[in-house]
Structure formats: C-alpha cells, structure tokens
>>> print(open('entry_22.cif').read())   # mmCIF, C-alpha atoms
data_upload
loop_
_atom_site.group_PDB
_atom_site.id
_atom_site.type_symbol
_atom_site.label_atom_id
_atom_site.label_comp_id
_atom_site.auth_asym_id
_atom_site.auth_seq_id
_atom_site.Cartn_x
_atom_site.Cartn_y
_atom_site.Cartn_z
ATOM 1 C CA ARG P 118 38.376 -75.514 -33.425
ATOM 2 C CA THR P 119 36.602 -77.713 -30.917
ATOM 3 C CA THR P 120 35.608 -76.772 -27.373
ATOM 4 C CA GLY P 121 38.113 -79.224 -25.876
ATOM 5 C CA TYR P 122 41.035 -77.282 -27.368
ATOM 6 C CA HIS P 123 40.086 -73.987 -25.723
ATOM 7 C CA ASN P 124 40.453 -72.665 -22.187
ATOM 8 C CA THR P 125 36.938 -73.540 -21.191
ATOM 9 C CA LEU P 126 34.558 -76.172 -19.913
ATOM 10 C CA LEU P 127 33.219 -79.238 -21.717
ATOM 11 C CA ILE P 128 30.160 -81.055 -20.383
ATOM 12 C CA ASP P 129 29.436 -84.679 -21.326
ATOM 13 C CA GLY P 130 31.837 -84.381 -24.271
ATOM 14 C CA VAL P 131 29.344 -82.139 -26.116
ATOM 15 C CA GLU P 132 30.517 -79.178 -28.194
ATOM 16 C CA GLN P 133 29.215 -75.718 -27.291
ATOM 17 C CA ASN P 134 28.235 -75.348 -30.964
ATOM 18 C CA ASP P 135 27.731 -77.977 -33.636
ATOM 19 C CA VAL P 136 30.909 -78.867 -35.525
ATOM 20 C CA ARG P 137 30.589 -80.642 -38.857
ATOM 21 C CA LEU P 138 33.709 -82.081 -40.449
ATOM 22 C CA ASP P 139 32.322 -81.494 -43.948
ATOM 23 C CA TYR P 140 32.313 -77.725 -43.212
ATOM 24 C CA LEU P 141 35.897 -77.240 -42.015
ATOM 25 C CA PHE P 142 35.761 -73.447 -41.652
ATOM 26 C CA ARG P 143 32.182 -73.032 -40.500
ATOM 27 C CA MET P 144 30.647 -73.270 -37.045
ATOM 28 C CA PHE P 145 26.950 -73.851 -36.672
ATOM 29 C CA GLU P 146 25.904 -71.609 -33.827
ATOM 30 C CA THR P 147 23.476 -73.617 -31.768
ATOM 31 C CA SER P 148 24.018 -71.623 -28.598
ATOM 32 C CA THR P 149 23.560 -68.030 -27.613
ATOM 33 C CA VAL P 150 26.092 -65.940 -25.757
ATOM 34 C CA GLU P 151 25.146 -63.229 -23.291
ATOM 35 C CA HIS P 152 27.178 -60.413 -21.784
ATOM 36 C CA VAL P 153 26.003 -60.278 -18.158
ATOM 37 C CA ALA P 154 28.184 -57.673 -16.410
ATOM 38 C CA PHE P 155 31.424 -55.699 -16.668
ATOM 39 C CA THR P 156 33.000 -53.378 -14.121
ATOM 40 C CA ASP P 157 36.375 -51.688 -14.308
ATOM 41 C CA ALA P 158 37.547 -49.802 -11.236
ATOM 42 C CA ALA P 159 40.942 -48.556 -10.097
ATOM 43 C CA GLU P 160 41.680 -51.702 -8.056
ATOM 44 C CA GLU P 161 39.833 -54.444 -9.960
ATOM 45 C CA THR P 162 38.132 -55.535 -13.160
ATOM 46 C CA THR P 163 35.288 -58.052 -13.307
ATOM 47 C CA TYR P 164 33.517 -59.597 -16.290
ATOM 48 C CA THR P 165 30.665 -62.126 -16.407
ATOM 49 C CA GLY P 166 29.213 -63.848 -19.459
ATOM 50 C CA ARG P 167 27.128 -66.946 -20.140
ATOM 51 C CA HIS P 168 26.196 -69.274 -22.972
ATOM 52 C CA THR P 169 23.475 -71.817 -23.654
ATOM 53 C CA GLY P 170 25.541 -74.371 -25.583
ATOM 54 C CA PHE P 171 24.856 -77.150 -23.077
ATOM 55 C CA GLU P 172 21.124 -76.500 -22.799
ATOM 56 C CA ARG P 173 20.538 -79.052 -25.563
ATOM 57 C CA LEU P 174 21.740 -81.866 -23.260
ATOM 58 C CA PRO P 175 18.991 -84.193 -21.949
ATOM 59 C CA ALA P 176 19.608 -82.582 -18.528
ATOM 60 C CA ALA P 177 20.167 -78.970 -19.618
ATOM 61 C CA VAL P 178 22.996 -76.852 -18.166
ATOM 62 C CA THR P 179 23.759 -73.154 -18.660
ATOM 63 C CA HIS P 180 27.423 -72.156 -18.268
ATOM 64 C CA GLU P 181 28.207 -68.787 -16.699
ATOM 65 C CA ARG P 182 31.815 -67.640 -16.240
ATOM 66 C CA SER P 183 33.176 -64.687 -14.281
ATOM 67 C CA PHE P 184 36.693 -63.271 -14.296
ATOM 68 C CA HIS P 185 37.938 -61.080 -11.450
ATOM 69 C CA LEU P 186 41.347 -59.425 -11.751
ATOM 70 C CA ALA P 187 42.881 -57.695 -8.716
ATOM 71 C CA LYS P 188 45.039 -55.081 -10.434
ATOM 72 C CA THR P 189 47.477 -54.447 -7.584
ATOM 73 C CA SER P 190 48.458 -58.081 -6.940
ATOM 74 C CA GLY P 191 47.667 -59.495 -10.376
ATOM 75 C CA ALA P 192 45.583 -62.263 -8.758
ATOM 76 C CA LEU P 193 42.994 -63.733 -11.123
ATOM 77 C CA SER P 194 39.850 -65.574 -10.113
ATOM 78 C CA ILE P 195 37.765 -67.570 -12.586
ATOM 79 C CA VAL P 196 34.359 -68.707 -11.347
ATOM 80 C CA ASP P 197 32.238 -71.116 -13.366
ATOM 81 C CA ARG P 198 28.569 -71.482 -12.465
ATOM 82 C CA LEU P 199 26.683 -74.437 -13.888
ATOM 83 C CA ILE P 200 22.961 -73.798 -13.726
ATOM 84 C CA GLY P 201 20.834 -76.859 -14.321
ATOM 85 C CA SER P 202 20.476 -80.394 -13.060
ATOM 86 C CA GLY P 203 21.516 -83.985 -13.576
ATOM 87 C CA GLN P 204 24.598 -86.191 -13.563
ATOM 88 C CA HIS P 205 27.336 -84.906 -15.899
ATOM 89 C CA LYS P 206 30.956 -85.470 -16.836
ATOM 90 C CA VAL P 207 32.642 -82.075 -16.543
ATOM 91 C CA ALA P 208 36.072 -81.290 -17.976
ATOM 92 C CA TRP P 209 38.111 -78.093 -17.931
ATOM 93 C CA HIS P 210 41.066 -77.559 -20.239
ATOM 94 C CA PHE P 211 43.532 -74.736 -19.569
ATOM 95 C CA HIS P 212 46.491 -74.050 -21.889
ATOM 96 C CA PHE P 213 49.546 -72.276 -20.530
ATOM 97 C CA ALA P 214 52.037 -70.178 -22.455
ATOM 98 C CA PRO P 215 55.031 -71.922 -23.989
ATOM 99 C CA GLY P 216 57.758 -72.273 -21.359
ATOM 100 C CA VAL P 217 55.401 -72.572 -18.362
ATOM 101 C CA THR P 218 55.777 -75.767 -16.339
ATOM 102 C CA VAL P 219 52.757 -77.245 -14.569
ATOM 103 C CA ALA P 220 52.807 -79.527 -11.517
ATOM 104 C CA ALA P 221 49.604 -80.668 -9.770
ATOM 105 C CA ASP P 222 49.841 -81.922 -6.175
ATOM 106 C CA GLY P 223 46.539 -83.840 -6.257
ATOM 107 C CA ASN P 224 45.027 -81.771 -3.441
ATOM 108 C CA GLY P 225 43.717 -78.787 -5.361
ATOM 109 C CA ARG P 226 46.973 -76.891 -5.770
ATOM 110 C CA VAL P 227 48.851 -76.555 -9.041
ATOM 111 C CA THR P 228 52.253 -74.893 -9.243
ATOM 112 C CA LEU P 229 53.053 -72.927 -12.394
ATOM 113 C CA ALA P 230 56.610 -71.791 -13.086
ATOM 114 C CA ALA P 231 58.392 -69.789 -15.781
ATOM 115 C CA ALA P 232 61.321 -67.395 -16.025
ATOM 116 C CA GLY P 233 62.367 -67.926 -12.404
ATOM 117 C CA ARG P 234 58.923 -67.087 -10.973
ATOM 118 C CA SER P 235 56.121 -69.279 -9.688
ATOM 119 C CA TRP P 236 52.369 -68.993 -9.286
ATOM 120 C CA SER P 237 49.843 -71.020 -7.348
ATOM 121 C CA LEU P 238 46.661 -72.114 -9.059
ATOM 122 C CA VAL P 239 44.063 -73.334 -6.584
ATOM 123 C CA VAL P 240 41.347 -75.542 -8.069
ATOM 124 C CA PRO P 241 38.452 -77.429 -6.469
ATOM 125 C CA SER P 242 40.244 -80.241 -4.639
ATOM 126 C CA HIS P 243 37.869 -83.008 -5.773
ATOM 127 C CA LEU P 244 38.702 -82.468 -9.465
ATOM 128 C CA ARG P 245 41.131 -84.940 -11.028
ATOM 129 C CA ALA P 246 44.095 -82.966 -12.388
ATOM 130 C CA LYS P 247 46.460 -84.008 -15.161
ATOM 131 C CA ALA P 248 49.116 -81.931 -16.916
ATOM 132 C CA SER P 249 49.903 -82.992 -20.472
ATOM 133 C CA ASP P 250 51.670 -81.836 -23.604
ATOM 134 C CA ALA P 251 49.531 -79.611 -25.818
ATOM 135 C CA TRP P 252 49.769 -77.032 -28.574
ATOM 136 C CA TYR P 253 49.564 -73.239 -28.490
ATOM 137 C CA SER P 254 48.603 -71.473 -31.710
ATOM 138 C CA PRO P 255 49.595 -67.790 -31.838
ATOM 139 C CA SER P 256 48.151 -67.471 -35.370
ATOM 140 C CA TYR P 257 46.540 -69.530 -38.094
ATOM 141 C CA GLY P 258 48.742 -72.400 -39.283
ATOM 142 C CA VAL P 259 51.304 -71.882 -36.505
ATOM 143 C CA ARG P 260 51.607 -74.055 -33.438
ATOM 144 C CA MET P 261 54.083 -74.246 -30.592
ATOM 145 C CA PRO P 262 54.417 -76.872 -27.859
ATOM 146 C CA CYS P 263 53.043 -75.975 -24.445
ATOM 147 C CA VAL P 264 51.501 -77.662 -21.414
ATOM 148 C CA ALA P 265 47.791 -77.888 -20.641
ATOM 149 C CA LEU P 266 46.002 -78.748 -17.430
ATOM 150 C CA ASP P 267 42.945 -80.982 -17.645
ATOM 151 C CA LEU P 268 40.547 -81.138 -14.705
ATOM 152 C CA THR P 269 37.710 -83.670 -14.684
ATOM 153 C CA ALA P 270 34.937 -84.995 -12.467
ATOM 154 C CA ASP P 271 31.606 -86.793 -12.521
ATOM 155 C CA GLU P 272 29.237 -84.288 -10.952
ATOM 156 C CA THR P 273 25.624 -84.014 -9.943
ATOM 157 C CA ILE P 274 24.463 -80.523 -10.820
ATOM 158 C CA THR P 275 21.769 -79.261 -8.471
ATOM 159 C CA ALA P 276 20.337 -75.826 -9.271
ATOM 160 C CA THR P 277 23.672 -73.942 -9.338
ATOM 161 C CA SER P 278 27.056 -75.602 -8.899
ATOM 162 C CA VAL P 279 30.037 -73.265 -8.475
ATOM 163 C CA TYR P 280 33.678 -73.976 -9.347
ATOM 164 C CA ARG P 281 36.389 -71.452 -8.402
ATOM 165 C CA PHE P 282 39.902 -71.286 -9.855
ATOM 166 C CA GLU P 283 42.342 -68.840 -8.204
ATOM 167 C CA ILE P 284 45.767 -67.927 -9.531
ATOM 168 C CA ALA P 285 48.286 -65.713 -7.757
ATOM 169 C CA LEU P 286 52.018 -65.037 -7.815
ATOM 170 C CA ASP P 287 53.850 -66.860 -5.037
ATOM 171 C CA ALA P 288 55.507 -64.559 -2.518
#
>>> encode(input="entry_22.cif", output="structure tokens")
Amino acid sequence: RTTGYHNTLLIDGVEQNDVRLDYLFRMFETSTVEHVAFTDAAEETTYTGRHTGFERLPAAVTHERSFHLAKTSGALSIVDRLIGSGQHKVAWHFHFAPGVTVAADGNGRVTLAAAGRSWSLVVPSHLRAKASDAWYSPSYGVRMPCVALDLTADETITATSVYRFEIALDA
C-alpha cells in the first residue's frame, strides 16, 4: 500500500498520503491530485498530472509527472518535475513484469529483456541504480516474483528540477 511499493517517486522517505497501521484498509488523503493535460493524436498520446503529497515537507515539493507515448515506435517517456526547493533524498521505484530481466550499466542506461527482445531505459546518469527482487501483485492477495529498479540521489531542488526516463525497443 505504501508509496515505495508503487511505480513512482518518494521524497525524503515520506508517504504521499498518511498511512496508519491501525487502519489497514484506509488511506488518509493528505494530498490533492490534479489532472493537468491530456492529448491523444494519431501519432502520440500525452498525459500530465500532479499531486501535493510532498508539500507538507519542511521544504515543500510538488510532484508533476508526464507520460508521452509515441504510438508508431512504442517509445515511452516519463518526465518528473519537482517544483519546490531544498535538499532532499529522492527515490524512484519501478516494477517490471514477471520474466523481465534488468541490468543497469551505472552510466544512465538500463537494459530490459524478455521473450527474446530487449529495450533500453535511459535514466538521469547521476542517479544510483540498483535492480532487486520484488513482488508484482496482479490482484488482491496474489503476488508473483519480479524485478524492480530503484534509483536514488541526494538532490538540491531549485525552482523546478526535471528528471527524464526514456524507454524504447532496441533495434
């Protein structure tokens, strides 16, 4: 249920919403979510949304995420914008489908492979990358082993900091 187990960003180890262990099936919504933009054209689809879950930090940060899918090539771009200030520990966690292997080269390139095909995931090169065993849950009470990629850094946010993640099928 926690932020760290989803394909998203965690700042300073703080949950996007309050989680209380004495209320197992209830989330306390302490952030607001905003739909910013959506476009769907013949060649591409783009979506942008934002939330205020990290605005309660001593140095407040708003998280805005955009997805851009190029329909012809299948290339996907994820852009995270952190709007705020201060020194923060940032951590991204991305789960991959069961059967996908993940290998980070330490220079901003991650190779993903499954079913005889491979993809390149390009991440900001200064982020520390680590692939580790994780769990995928296709439905409540069911979990399957998978691999996750964790990316971390100590960052100084100044006005707007932008992080781009690009994934494309290798030729």
>>> resolve_selection(input="entry_22.cif", expression="the PyMOL selection byres ((chain P and resi 184-200) around 7)", output="list in words")
Glu160, Glu161, Thr162, Thr163, Tyr164, Thr165, Val178, Thr179, His180, Glu181, Arg182, Ser183, Gly201, Ala276, Thr277, Ser278, Val279, Tyr280, Arg281, Phe282, Glu283, Ile284 and Ala285 of chain P
>>> resolve_selection(input="entry_22.cif", expression="the PyMOL selection byres ((chain P and resi 221) around 10)", output="PyMOL selection string")
chain P and resi 219-220+222-229+237-240+245-248+266
>>> resolve_selection(input="entry_22.cif", expression="the PyMOL selection byres ((chain P and resi 213) around 9)", output="PDB file with C-alpha atoms, keeping the file's coordinate frame")
ATOM      1  CA  PHE P 211      43.532 -74.736 -19.569  1.00  0.00           C
ATOM      2  CA  HIS P 212      46.491 -74.050 -21.889  1.00  0.00           C
ATOM      3  CA  ALA P 214      52.037 -70.178 -22.455  1.00  0.00           C
ATOM      4  CA  PRO P 215      55.031 -71.922 -23.989  1.00  0.00           C
ATOM      5  CA  GLY P 216      57.758 -72.273 -21.359  1.00  0.00           C
ATOM      6  CA  VAL P 217      55.401 -72.572 -18.362  1.00  0.00           C
ATOM      7  CA  THR P 218      55.777 -75.767 -16.339  1.00  0.00           C
ATOM      8  CA  VAL P 219      52.757 -77.245 -14.569  1.00  0.00           C
ATOM      9  CA  LEU P 229      53.053 -72.927 -12.394  1.00  0.00           C
ATOM     10  CA  TYR P 253      49.564 -73.239 -28.490  1.00  0.00           C
ATOM     11  CA  CYS P 263      53.043 -75.975 -24.445  1.00  0.00           C
ATOM     12  CA  VAL P 264      51.501 -77.662 -21.414  1.00  0.00           C
ATOM     13  CA  ALA P 265      47.791 -77.888 -20.641  1.00  0.00           C
ATOM     14  CA  LEU P 266      46.002 -78.748 -17.430  1.00  0.00           C
TER      15      LEU P 266
END
>>> atom_distance(input="entry_22.cif", atom1="CA of Ile128 in chain P", atom2="CA of Ala176 in chain P")
10.8 Å
>>> atom_distance(input="entry_22.cif", atom1="CA of Gly166 in chain P", atom2="CA of Leu126 in chain P")
13.4 Å
>>> closest_residue(input="entry_22.cif", among="P:Ala177, P:Glu132, P:Gly233, P:Gly258", to="Ser202 in chain P", atoms="all atoms listed in the file")
P:Ala177
>>> residues_around(input="entry_22.cif", residues="Trp209 in chain P", least_positions_apart="4", cutoff="7 Å", atoms="only C-alpha atoms", output="PDB file with C-alpha atoms, keeping the file's coordinate frame")
ATOM      1  CA  THR P 125      36.938 -73.540 -21.191  1.00  0.00           C
ATOM      2  CA  LEU P 126      34.558 -76.172 -19.913  1.00  0.00           C
ATOM      3  CA  LEU P 127      33.219 -79.238 -21.717  1.00  0.00           C
ATOM      4  CA  ASP P 267      42.945 -80.982 -17.645  1.00  0.00           C
ATOM      5  CA  LEU P 268      40.547 -81.138 -14.705  1.00  0.00           C
ATOM      6  CA  THR P 269      37.710 -83.670 -14.684  1.00  0.00           C
TER       7      THR P 269
END
